[in-house]
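J.: See coords_4.tsv below, with TSV, C-alpha atoms.
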chain	number	residue	atom	x	y	z
A	14	MET	CA	71.21	95.05	92.33
A	15	THR	CA	73.40	98.13	91.91
A	16	THR	CA	76.49	98.29	89.73
A	17	ALA	CA	78.78	98.04	92.76
A	18	GLU	CA	76.91	95.03	94.11
A	19	SER	CA	77.04	93.26	90.74
A	20	VAL	CA	80.80	93.78	90.58
A	21	LEU	CA	81.32	92.50	94.12
A	22	ALA	CA	78.88	89.54	93.72
A	23	PRO	CA	80.59	86.17	93.22
A	24	PRO	CA	80.20	84.56	89.78
A	25	ARG	CA	77.39	82.04	89.44
A	26	VAL	CA	78.64	78.46	89.52
A	27	THR	CA	77.20	76.12	86.89
A	28	THR	CA	76.01	72.95	88.55
A	29	ALA	CA	75.79	69.47	87.04
A	30	ALA	CA	72.01	69.80	86.75
A	31	ASP	CA	72.42	73.03	84.77
A	32	SER	CA	74.87	71.31	82.42
A	33	VAL	CA	72.45	68.46	81.81
A	34	THR	CA	69.62	70.92	81.10
A	35	ILE	CA	71.79	72.85	78.64
A	36	ARG	CA	72.83	69.66	76.83
A	37	ARG	CA	69.22	68.52	76.60
A	38	LYS	CA	68.14	71.83	75.08
A	39	GLN	CA	70.98	71.73	72.58
A	40	GLY	CA	70.23	68.10	71.73
A	41	PHE	CA	66.56	68.89	71.17
A	42	GLN	CA	67.40	71.84	68.94
A	43	HIS	CA	69.83	69.85	66.79
A	44	GLY	CA	67.85	66.60	66.86
A	45	GLY	CA	64.67	68.38	65.85
A	46	TRP	CA	66.07	68.96	62.37
A	47	PHE	CA	66.63	65.22	61.93
A	48	VAL	CA	63.13	64.34	63.17
A	49	ALA	CA	61.35	67.08	61.19
A	50	PRO	CA	61.29	65.26	57.79
A	51	PHE	CA	59.75	62.19	59.40
A	52	LEU	CA	57.18	64.26	61.27
A	53	VAL	CA	56.22	66.06	58.07
A	54	LEU	CA	55.77	62.81	56.13
A	55	PHE	CA	53.99	61.14	59.05
A	56	THR	CA	51.55	64.03	59.33
A	57	LEU	CA	51.02	64.18	55.57
A	58	PHE	CA	50.48	60.46	54.93
A	59	VAL	CA	49.12	59.17	58.28
A	60	ILE	CA	47.64	61.87	60.51
A	61	TRP	CA	45.95	63.89	57.76
A	62	PRO	CA	44.37	60.86	55.98
A	63	LEU	CA	43.15	59.59	59.36
A	64	LEU	CA	41.53	62.91	60.24
A	65	ARG	CA	40.14	63.25	56.72
A	66	GLY	CA	38.67	59.75	56.90
A	67	ILE	CA	36.99	60.49	60.23
A	68	TYR	CA	35.47	63.64	58.74
A	69	LEU	CA	34.23	61.82	55.63
A	70	SER	CA	32.65	59.13	57.82
A	71	LEU	CA	30.34	61.84	59.15
A	72	THR	CA	29.19	62.87	55.66
A	73	ASP	CA	27.38	61.29	52.71
A	74	ALA	CA	30.31	61.95	50.36
A	75	ASP	CA	30.55	59.98	47.14
A	76	ILE	CA	33.62	59.16	45.07
A	77	THR	CA	33.37	62.40	43.07
A	78	GLY	CA	33.58	64.54	46.22
A	79	ASP	CA	30.70	66.76	45.08
A	80	GLY	CA	27.77	67.72	47.25
A	81	GLU	CA	28.85	66.05	50.46
A	82	SER	CA	26.69	66.98	53.43
A	83	PHE	CA	27.04	66.33	57.13
A	84	VAL	CA	24.98	63.33	58.32
A	85	GLY	CA	26.44	62.81	61.79
A	86	LEU	CA	26.49	59.23	63.01
A	87	ASP	CA	24.06	57.89	60.41
A	88	ASN	CA	26.81	55.97	58.58
A	89	TYR	CA	27.90	54.31	61.81
A	90	ARG	CA	24.33	53.30	62.68
A	91	GLU	CA	23.89	51.82	59.21
A	92	ALA	CA	27.20	49.97	59.45
A	93	LEU	CA	26.36	48.41	62.82
A	94	ASP	CA	23.08	47.13	61.32
A	95	ASP	CA	24.74	45.91	58.10
A	96	PRO	CA	24.84	42.07	58.05
A	97	LEU	CA	27.27	42.04	55.12
A	98	MET	CA	29.79	44.04	57.13
A	99	TRP	CA	29.58	41.61	60.05
A	100	ASP	CA	29.93	38.67	57.64
A	101	ALA	CA	33.06	40.23	56.18
A	102	LEU	CA	34.43	40.83	59.67
A	103	GLY	CA	33.68	37.21	60.53
A	104	HIS	CA	35.58	36.00	57.48
A	105	SER	CA	38.61	38.10	58.44
A	106	ALA	CA	38.45	36.83	62.03
A	107	TYR	CA	38.11	33.21	60.86
A	108	PHE	CA	41.09	33.65	58.57
A	109	THR	CA	43.08	35.11	61.48
A	110	LEU	CA	42.20	32.21	63.78
A	111	LEU	CA	43.44	29.75	61.17
A	112	VAL	CA	46.61	31.55	60.12
A	113	VAL	CA	48.11	32.89	63.36
A	114	PRO	CA	48.57	29.59	65.26
A	115	CYS	CA	49.68	27.70	62.17
A	116	ILE	CA	52.20	30.29	61.03
A	117	THR	CA	53.64	30.67	64.54
A	118	VAL	CA	54.20	26.93	65.00
A	119	LEU	CA	55.44	26.44	61.44
A	120	ALA	CA	57.89	29.34	61.65
A	121	PHE	CA	59.28	27.97	64.94
A	122	LEU	CA	59.77	24.48	63.51
A	123	LEU	CA	61.45	25.79	60.36
A	124	ALA	CA	63.72	28.04	62.43
A	125	MET	CA	64.71	25.11	64.66
A	126	LEU	CA	65.50	23.03	61.57
A	127	ALA	CA	67.55	25.77	59.90
A	128	HIS	CA	69.37	26.52	63.16
A	129	HIS	CA	70.49	22.96	63.90
A	130	ILE	CA	71.07	21.59	60.42
A	131	GLU	CA	74.72	21.49	59.42
A	132	ARG	CA	74.98	20.75	55.71
A	133	GLY	CA	73.51	23.32	53.30
A	134	ARG	CA	72.32	25.62	56.07
A	135	TRP	CA	72.33	28.70	53.84
A	136	LEU	CA	70.22	26.92	51.21
A	137	TRP	CA	67.57	25.91	53.73
A	138	ARG	CA	67.37	29.46	55.05
A	139	LEU	CA	67.04	30.84	51.54
A	140	CYS	CA	64.29	28.39	50.63
A	141	PHE	CA	62.28	29.17	53.75
A	142	PHE	CA	62.57	32.94	53.40
A	143	ALA	CA	62.47	33.41	49.60
A	144	PRO	CA	58.65	33.21	49.14
A	145	PHE	CA	58.22	36.22	51.42
A	146	LEU	CA	60.06	38.35	48.85
A	147	LEU	CA	57.45	37.66	46.16
A	148	PRO	CA	54.78	40.28	45.43
A	149	SER	CA	51.29	39.34	46.54
A	150	THR	CA	50.02	39.17	42.96
A	151	VAL	CA	52.73	36.67	41.99
A	152	ALA	CA	52.04	34.46	45.00
A	153	GLY	CA	48.28	34.63	44.42
A	154	ASN	CA	48.48	33.83	40.71
A	155	LEU	CA	50.93	30.99	41.35
A	156	TRP	CA	48.68	29.26	43.86
A	157	GLN	CA	45.59	29.99	41.81
A	158	TRP	CA	47.17	27.87	39.11
A	159	LEU	CA	48.23	25.17	41.59
A	160	PHE	CA	44.67	24.95	42.96
A	161	ASN	CA	43.08	24.83	39.51
A	162	PRO	CA	40.90	21.70	39.51
A	163	GLY	CA	41.65	20.87	35.89
A	164	THR	CA	45.28	21.76	35.28
A	165	GLY	CA	46.56	22.38	38.82
A	166	MET	CA	49.37	20.28	40.25
A	167	ILE	CA	47.85	19.82	43.73
A	168	ASN	CA	44.86	17.76	42.63
A	169	HIS	CA	47.07	15.84	40.20
A	170	VAL	CA	49.62	14.92	42.88
A	171	LEU	CA	47.01	14.07	45.51
A	172	GLY	CA	44.85	12.20	43.04
A	173	ILE	CA	41.69	14.08	44.00
A	174	GLU	CA	39.21	16.41	42.29
A	175	THR	CA	38.68	19.09	44.90
A	176	PRO	CA	37.18	22.40	43.69
A	177	TRP	CA	39.47	24.50	45.86
A	178	LEU	CA	38.48	27.94	44.63
A	179	THR	CA	34.87	27.32	43.59
A	180	ASP	CA	33.53	25.62	46.72
A	181	LYS	CA	32.92	27.66	49.86
A	182	SER	CA	34.10	24.75	51.99
A	183	TYR	CA	37.61	24.93	50.51
A	184	ALA	CA	38.08	28.50	49.26
A	185	MET	CA	39.18	29.99	52.59
A	186	LEU	CA	41.41	26.97	53.26
A	187	ALA	CA	43.15	27.57	49.93
A	188	ILE	CA	43.80	31.21	50.86
A	189	VAL	CA	45.17	30.10	54.25
A	190	ILE	CA	47.58	27.62	52.63
A	191	THR	CA	48.77	30.28	50.22
A	192	THR	CA	49.29	32.76	53.04
A	193	LEU	CA	51.28	30.27	55.11
A	194	TRP	CA	53.62	29.51	52.22
A	195	TRP	CA	53.98	33.17	51.27
A	196	THR	CA	54.43	34.89	54.65
A	197	VAL	CA	56.00	32.30	56.96
A	198	GLY	CA	59.47	33.52	55.96
A	199	PHE	CA	59.13	36.73	57.98
A	200	SER	CA	58.29	34.97	61.25
A	201	PHE	CA	60.89	32.33	60.46
A	202	LEU	CA	63.57	34.99	60.21
A	203	LEU	CA	62.58	36.51	63.54
A	204	TYR	CA	62.67	33.13	65.25
A	205	LEU	CA	66.01	32.28	63.66
A	206	ALA	CA	67.59	35.52	64.88
A	207	ALA	CA	66.21	34.90	68.38
A	208	LEU	CA	67.56	31.33	68.43
A	209	GLN	CA	71.03	32.54	67.49
A	210	SER	CA	70.99	34.98	70.41
A	211	ILE	CA	70.49	32.25	73.05
A	212	PRO	CA	73.82	31.66	74.85
A	213	ASP	CA	75.35	28.24	74.16
A	214	HIS	CA	76.48	27.81	77.75
A	215	LEU	CA	72.87	27.37	78.84
A	216	TYR	CA	72.54	24.27	76.68
A	217	GLU	CA	75.96	22.99	77.75
A	218	ALA	CA	75.04	23.34	81.42
A	219	ALA	CA	71.75	21.55	80.78
A	220	LYS	CA	73.55	18.68	79.05
A	221	LEU	CA	75.88	18.31	82.03
A	222	ASP	CA	72.81	18.07	84.27
A	223	GLY	CA	71.45	15.25	82.12
A	224	ALA	CA	68.70	17.17	80.28
A	225	ASN	CA	67.69	15.64	76.96
A	226	ALA	CA	66.75	17.55	73.79
A	227	TRP	CA	63.08	17.81	74.75
A	228	HIS	CA	63.82	19.19	78.21
A	229	ARG	CA	66.29	21.70	76.77
A	230	MET	CA	63.70	22.96	74.32
A	231	VAL	CA	60.92	23.19	76.93
A	232	HIS	CA	62.96	24.73	79.75
A	233	ILE	CA	65.47	26.84	77.78
A	234	THR	CA	64.46	27.49	74.18
A	235	LEU	CA	60.76	28.24	74.60
A	236	PRO	CA	61.16	30.54	77.65
A	237	MET	CA	63.95	32.44	75.90
A	238	LEU	CA	61.68	32.90	72.86
A	239	ARG	CA	58.66	34.12	74.84
A	240	ASN	CA	59.10	37.79	73.89
A	241	ILE	CA	59.70	37.15	70.21
A	242	THR	CA	56.71	34.80	70.14
A	243	GLY	CA	54.52	37.55	71.58
A	244	LEU	CA	55.79	39.95	68.91
A	245	ILE	CA	55.16	37.46	66.11
A	246	VAL	CA	51.64	36.68	67.32
A	247	THR	CA	50.79	40.38	67.58
A	248	LEU	CA	52.15	41.21	64.12
A	249	GLN	CA	50.41	38.23	62.55
A	250	ILE	CA	47.06	39.11	64.14
A	251	LEU	CA	47.24	42.66	62.83
A	252	ALA	CA	48.35	41.51	59.37
A	253	SER	CA	45.79	38.70	59.11
A	254	LEU	CA	42.87	40.93	60.06
A	255	GLN	CA	43.82	43.12	57.10
A	256	VAL	CA	43.98	40.24	54.60
A	257	PHE	CA	43.16	41.42	51.10
A	258	ASP	CA	45.72	40.90	48.33
A	259	GLN	CA	45.94	37.12	48.06
A	260	ALA	CA	42.18	36.72	48.58
A	261	VAL	CA	41.13	39.00	45.72
A	262	VAL	CA	43.87	37.79	43.36
A	263	MET	CA	43.11	34.10	43.82
A	264	LEU	CA	39.35	34.65	43.48
A	265	ASP	CA	39.70	36.98	40.45
A	266	PHE	CA	38.76	40.07	42.50
A	267	GLY	CA	35.48	38.53	43.55
A	268	PRO	CA	34.00	37.76	46.98
A	269	GLY	CA	34.46	34.03	46.47
A	270	PRO	CA	31.82	31.29	46.24
A	271	GLU	CA	28.69	32.47	48.03
A	272	ASN	CA	30.67	35.45	49.37
A	273	SER	CA	32.61	33.07	51.61
A	274	THR	CA	35.98	34.83	51.23
A	275	ARG	CA	34.92	38.47	51.23
A	276	THR	CA	37.14	40.11	53.86
A	277	PHE	CA	36.56	43.32	55.76
A	278	VAL	CA	39.04	45.32	53.68
A	279	GLN	CA	37.53	44.00	50.47
A	280	TYR	CA	34.02	44.95	51.58
A	281	THR	CA	35.23	48.44	52.46
A	282	LEU	CA	36.73	48.91	49.00
A	283	GLU	CA	33.57	47.60	47.37
A	284	LYS	CA	31.50	50.20	49.18
A	285	GLY	CA	33.93	53.00	48.36
A	286	PHE	CA	34.88	52.23	44.75
A	287	THR	CA	32.03	50.05	43.48
A	288	SER	CA	29.03	51.56	45.23
A	289	TYR	CA	30.77	54.99	45.29
A	290	ARG	CA	29.75	55.57	48.92
A	291	VAL	CA	32.95	57.09	50.26
A	292	GLY	CA	31.31	58.38	53.44
A	293	TYR	CA	29.94	54.96	54.35
A	294	ALA	CA	33.20	53.26	53.44
A	295	SER	CA	35.06	55.73	55.66
A	296	ALA	CA	32.76	54.88	58.57
A	297	ILE	CA	33.49	51.17	58.07
A	298	SER	CA	37.21	51.95	57.96
A	299	VAL	CA	37.02	53.86	61.24
A	300	ILE	CA	35.20	50.94	62.87
A	301	PHE	CA	37.88	48.57	61.59
A	302	PHE	CA	40.61	50.89	62.88
A	303	VAL	CA	39.02	50.85	66.35
A	304	ILE	CA	38.79	47.04	66.29
A	305	ILE	CA	42.47	46.66	65.34
A	306	ALA	CA	43.51	49.22	67.96
A	307	VAL	CA	41.57	47.36	70.64
A	308	VAL	CA	43.14	44.04	69.63
A	309	ALA	CA	46.64	45.52	69.68
A	310	LEU	CA	46.14	47.21	73.05
A	311	ALA	CA	44.62	44.06	74.53
A	312	ARG	CA	47.59	42.03	73.35
A	313	MET	CA	50.03	44.54	74.83
A	314	TRP	CA	48.12	44.49	78.13
A	315	LEU	CA	48.25	40.70	78.29
A	316	LEU	CA	51.98	40.66	77.56
A	317	ARG	CA	52.66	43.28	80.23
A	318	ASN	CA	50.66	41.38	82.82
A	319	ARG	CA	52.47	38.17	81.96
A	320	GLU	CA	55.86	39.84	82.31
A	321	GLU	CA	54.89	41.30	85.69
A	322	ALA	CA	53.63	37.92	86.86
A	323	THR	CA	56.91	36.21	85.97
A	324	ARG	CA	59.05	38.72	87.87
Re-express the file's structure as structure tokens.
T.:
Amino acid sequence: MTTAESVLAPPRVTTAADSVTIRRKQGFQHGGWFVAPFLVLFTLFVIWPLLRGIYLSLTDADITGDGESFVGLDNYREALDDPLMWDALGHSAYFTLLVVPCITVLAFLLAMLAHHIERGRWLWRLCFFAPFLLPSTVAGNLWQWLFNPGTGMINHVLGIETPWLTDKSYAMLAIVITTLWWTVGFSFLLYLAALQSIPDHLYEAAKLDGANAWHRMVHITLPMLRNITGLIVTLQILASLQVFDQAVVMLDFGPGPENSTRTFVQYTLEKGFTSYRVGYASAISVIFFVIIAVVALARMWLLRNREEATR
């Protein structure tokens, strides 16, 4: 275009689409500075350890880090043939099967009680949520003392002599009871917030139609809590599979009677910091990461299919 043509050409009109594109570019440029610190920390403390762990799982590295050599998939083959690893995984899965249903139902019942009670409502809410604020070591040591067969309060109150922490038939049950008392407050709080968000006019309309308390709970409360229940179940599954703190504290950092409470995380740490086989422990960790990822994705897929089916 010549100089004369450029002078005679009409000015370019900025369209709405151009304005949106410009605003998006400006927003990305300015927003990038706010996201950058998070991305740096996420890369430093999540992405890099993950990649480093995958690399170590392909080596025979020990805890000193000296003389590591590439061994390929040998650690994974050994892990898949390791009966102790599968036993530890079974213990974690058994613990999860016991805790998740119990904690979901218990949290719902406590939330219903705290939501409908009138007198001392704040005190009930505090009592139900307060144990969740305790460190795991405090909760574990407290219940270790309560389950003590000689001086513990539980056997004294029940009038029994049950060896809670020294018998493989009761050791896992003791850890489950401790976990329910310690962590139910988190799920309780989620349920309580969800209950408070249900519109009151739904219950009032149901009352006018003659629905009793049971029908209101079944046809209004539970359907309105379906999403939060799915979230609680997912979070509890992921947390329960990674059980470690309360188990090792209550059993004095041991695997429990006849190794009945050795969890997957505990076995991984034993291999890495007791047997000094960091490469093998990294391979076990990668396998555990894949298992948890599969469980989380499967749960998300089921929830999505259920939502599409109800539409």
J.: Of the residues A:Leu86, A:Leu316, A:Val189, A:Ile167, which is the one nearest to Gly292 of chain A, using all atoms listed in the file?
T.: A:Leu86
J.: Would you be able to write out as JSON, numbers by chain which residues have an atom within 9 Å of (51.7, 39.9, 56.1) in the file's coordinates, counting all atoms listed in the file?
T.: {"A": [145, 192, 195, 196, 197, 199, 248, 249, 251, 252, 253, 255, 256]}
J.: Between A:Met230, A:Pro114, A:Asp95, A:His214, which one has atoms that come closest to Leu193 of chain A, using all atoms listed in the file?
T.: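 The shortest atom-to-atom distance to Leu193 of chain A comes from A:Pro114.
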J.: Excluding Leu122 of chain A and residues on its chain fewer than 5 positions from it, collect all residues at most 9 Å away from it, counting only C-alpha atoms, and give them as a ChimeraX atom specification.
T.: /A:117,127,201
J.: Edge lengths and centre in Å to one decimal, as JSON, of the axis-aligned box that encloses all listed atoms of segment 159-165 of chain A with 5 Å added on every side?
T.:
{"center_x": 44.6, "center_y": 23.0, "center_z": 39.1, "size_x": 17.3, "size_y": 14.3, "size_z": 17.7}
J.: Just checking: using only C-alpha atoms, which residue out of A:Arg229, A:Arg275, A:Arg290, A:His129 ends up closest to Leu69 of chain A?
T.: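 That would be A:Arg290, the residue with the smallest distance to Leu69 of chain A.
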J.: Interatomic distance between atom CA of Glu131 of chain A and atom CA of Asp213 of chain A?
T.: 16.2 Å
J.: Taking N, CA, C and O atoms as the atom set, what does segment 235-256 of chain A look like once completed, written as a PDB file, keeping the file's coordinate frame?
T.:
ATOM      1  N   LEU A 235      62.074  27.593  74.606  1.00  0.00           N
ATOM      2  CA  LEU A 235      60.760  28.240  74.600  1.00  0.00           C
ATOM      3  C   LEU A 235      60.684  29.429  75.560  1.00  0.00           C
ATOM      4  O   LEU A 235      60.154  30.486  75.178  1.00  0.00           O
ATOM      5  N   PRO A 236      61.189  29.329  76.799  1.00  0.00           N
ATOM      6  CA  PRO A 236      61.160  30.540  77.650  1.00  0.00           C
ATOM      7  C   PRO A 236      61.989  31.689  77.103  1.00  0.00           C
ATOM      8  O   PRO A 236      61.586  32.856  77.231  1.00  0.00           O
ATOM      9  N   MET A 237      63.126  31.374  76.466  1.00  0.00           N
ATOM     10  CA  MET A 237      63.950  32.440  75.900  1.00  0.00           C
ATOM     11  C   MET A 237      63.300  33.091  74.678  1.00  0.00           C
ATOM     12  O   MET A 237      63.640  34.212  74.305  1.00  0.00           O
ATOM     13  N   LEU A 238      62.353  32.376  74.054  1.00  0.00           N
ATOM     14  CA  LEU A 238      61.680  32.900  72.860  1.00  0.00           C
ATOM     15  C   LEU A 238      60.313  33.487  73.184  1.00  0.00           C
ATOM     16  O   LEU A 238      59.548  33.809  72.271  1.00  0.00           O
ATOM     17  N   ARG A 239      59.995  33.651  74.469  1.00  0.00           N
ATOM     18  CA  ARG A 239      58.660  34.120  74.840  1.00  0.00           C
ATOM     19  C   ARG A 239      58.384  35.515  74.278  1.00  0.00           C
ATOM     20  O   ARG A 239      57.302  35.778  73.746  1.00  0.00           O
ATOM     21  N   ASN A 240      59.331  36.416  74.369  1.00  0.00           N
ATOM     22  CA  ASN A 240      59.100  37.790  73.890  1.00  0.00           C
ATOM     23  C   ASN A 240      58.933  37.842  72.380  1.00  0.00           C
ATOM     24  O   ASN A 240      58.050  38.537  71.864  1.00  0.00           O
ATOM     25  N   ILE A 241      59.790  37.115  71.668  1.00  0.00           N
ATOM     26  CA  ILE A 241      59.700  37.150  70.210  1.00  0.00           C
ATOM     27  C   ILE A 241      58.425  36.458  69.740  1.00  0.00           C
ATOM     28  O   ILE A 241      57.824  36.854  68.735  1.00  0.00           O
ATOM     29  N   THR A 242      57.971  35.448  70.482  1.00  0.00           N
ATOM     30  CA  THR A 242      56.710  34.800  70.140  1.00  0.00           C
ATOM     31  C   THR A 242      55.544  35.769  70.302  1.00  0.00           C
ATOM     32  O   THR A 242      54.646  35.831  69.455  1.00  0.00           O
ATOM     33  N   GLY A 243      55.565  36.545  71.391  1.00  0.00           N
ATOM     34  CA  GLY A 243      54.520  37.550  71.580  1.00  0.00           C
ATOM     35  C   GLY A 243      54.512  38.586  70.463  1.00  0.00           C
ATOM     36  O   GLY A 243      53.450  38.995  69.989  1.00  0.00           O
ATOM     37  N   LEU A 244      55.698  38.988  70.013  1.00  0.00           N
ATOM     38  CA  LEU A 244      55.790  39.950  68.910  1.00  0.00           C
ATOM     39  C   LEU A 244      55.240  39.345  67.621  1.00  0.00           C
ATOM     40  O   LEU A 244      54.482  40.003  66.891  1.00  0.00           O
ATOM     41  N   ILE A 245      55.616  38.116  67.336  1.00  0.00           N
ATOM     42  CA  ILE A 245      55.160  37.460  66.110  1.00  0.00           C
ATOM     43  C   ILE A 245      53.647  37.298  66.112  1.00  0.00           C
ATOM     44  O   ILE A 245      52.972  37.573  65.105  1.00  0.00           O
ATOM     45  N   VAL A 246      53.094  36.865  67.229  1.00  0.00           N
ATOM     46  CA  VAL A 246      51.640  36.680  67.320  1.00  0.00           C
ATOM     47  C   VAL A 246      50.920  38.018  67.109  1.00  0.00           C
ATOM     48  O   VAL A 246      49.929  38.099  66.371  1.00  0.00           O
ATOM     49  N   THR A 247      51.420  39.067  67.728  1.00  0.00           N
ATOM     50  CA  THR A 247      50.790  40.380  67.580  1.00  0.00           C
ATOM     51  C   THR A 247      50.843  40.862  66.135  1.00  0.00           C
ATOM     52  O   THR A 247      49.831  41.324  65.572  1.00  0.00           O
ATOM     53  N   LEU A 248      52.010  40.759  65.513  1.00  0.00           N
ATOM     54  CA  LEU A 248      52.150  41.210  64.120  1.00  0.00           C
ATOM     55  C   LEU A 248      51.279  40.387  63.185  1.00  0.00           C
ATOM     56  O   LEU A 248      50.669  40.927  62.249  1.00  0.00           O
ATOM     57  N   GLN A 249      51.207  39.083  63.419  1.00  0.00           N
ATOM     58  CA  GLN A 249      50.410  38.230  62.550  1.00  0.00           C
ATOM     59  C   GLN A 249      48.917  38.495  62.716  1.00  0.00           C
ATOM     60  O   GLN A 249      48.160  38.429  61.744  1.00  0.00           O
ATOM     61  N   ILE A 250      48.481  38.782  63.936  1.00  0.00           N
ATOM     62  CA  ILE A 250      47.060  39.110  64.140  1.00  0.00           C
ATOM     63  C   ILE A 250      46.693  40.381  63.378  1.00  0.00           C
ATOM     64  O   ILE A 250      45.685  40.429  62.659  1.00  0.00           O
ATOM     65  N   LEU A 251      47.528  41.394  63.506  1.00  0.00           N
ATOM     66  CA  LEU A 251      47.240  42.660  62.830  1.00  0.00           C
ATOM     67  C   LEU A 251      47.288  42.502  61.312  1.00  0.00           C
ATOM     68  O   LEU A 251      46.462  43.082  60.586  1.00  0.00           O
ATOM     69  N   ALA A 252      48.244  41.717  60.815  1.00  0.00           N
ATOM     70  CA  ALA A 252      48.350  41.510  59.370  1.00  0.00           C
ATOM     71  C   ALA A 252      47.210  40.651  58.839  1.00  0.00           C
ATOM     72  O   ALA A 252      46.661  40.913  57.762  1.00  0.00           O
ATOM     73  N   SER A 253      46.832  39.618  59.579  1.00  0.00           N
ATOM     74  CA  SER A 253      45.790  38.700  59.110  1.00  0.00           C
ATOM     75  C   SER A 253      44.419  39.365  59.091  1.00  0.00           C
ATOM     76  O   SER A 253      43.596  39.088  58.214  1.00  0.00           O
ATOM     77  N   LEU A 254      44.148  40.224  60.059  1.00  0.00           N
ATOM     78  CA  LEU A 254      42.870  40.930  60.060  1.00  0.00           C
ATOM     79  C   LEU A 254      42.720  41.818  58.825  1.00  0.00           C
ATOM     80  O   LEU A 254      41.598  42.101  58.385  1.00  0.00           O
ATOM     81  N   GLN A 255      43.844  42.242  58.268  1.00  0.00           N
ATOM     82  CA  GLN A 255      43.820  43.120  57.100  1.00  0.00           C
ATOM     83  C   GLN A 255      44.037  42.354  55.794  1.00  0.00           C
ATOM     84  O   GLN A 255      44.444  42.935  54.792  1.00  0.00           O
ATOM     85  N   VAL A 256      43.770  41.059  55.795  1.00  0.00           N
ATOM     86  CA  VAL A 256      43.980  40.240  54.600  1.00  0.00           C
ATOM     87  C   VAL A 256      43.179  40.807  53.428  1.00  0.00           C
ATOM     88  O   VAL A 256      42.011  41.167  53.564  1.00  0.00           O
TER      89      VAL A 256
END
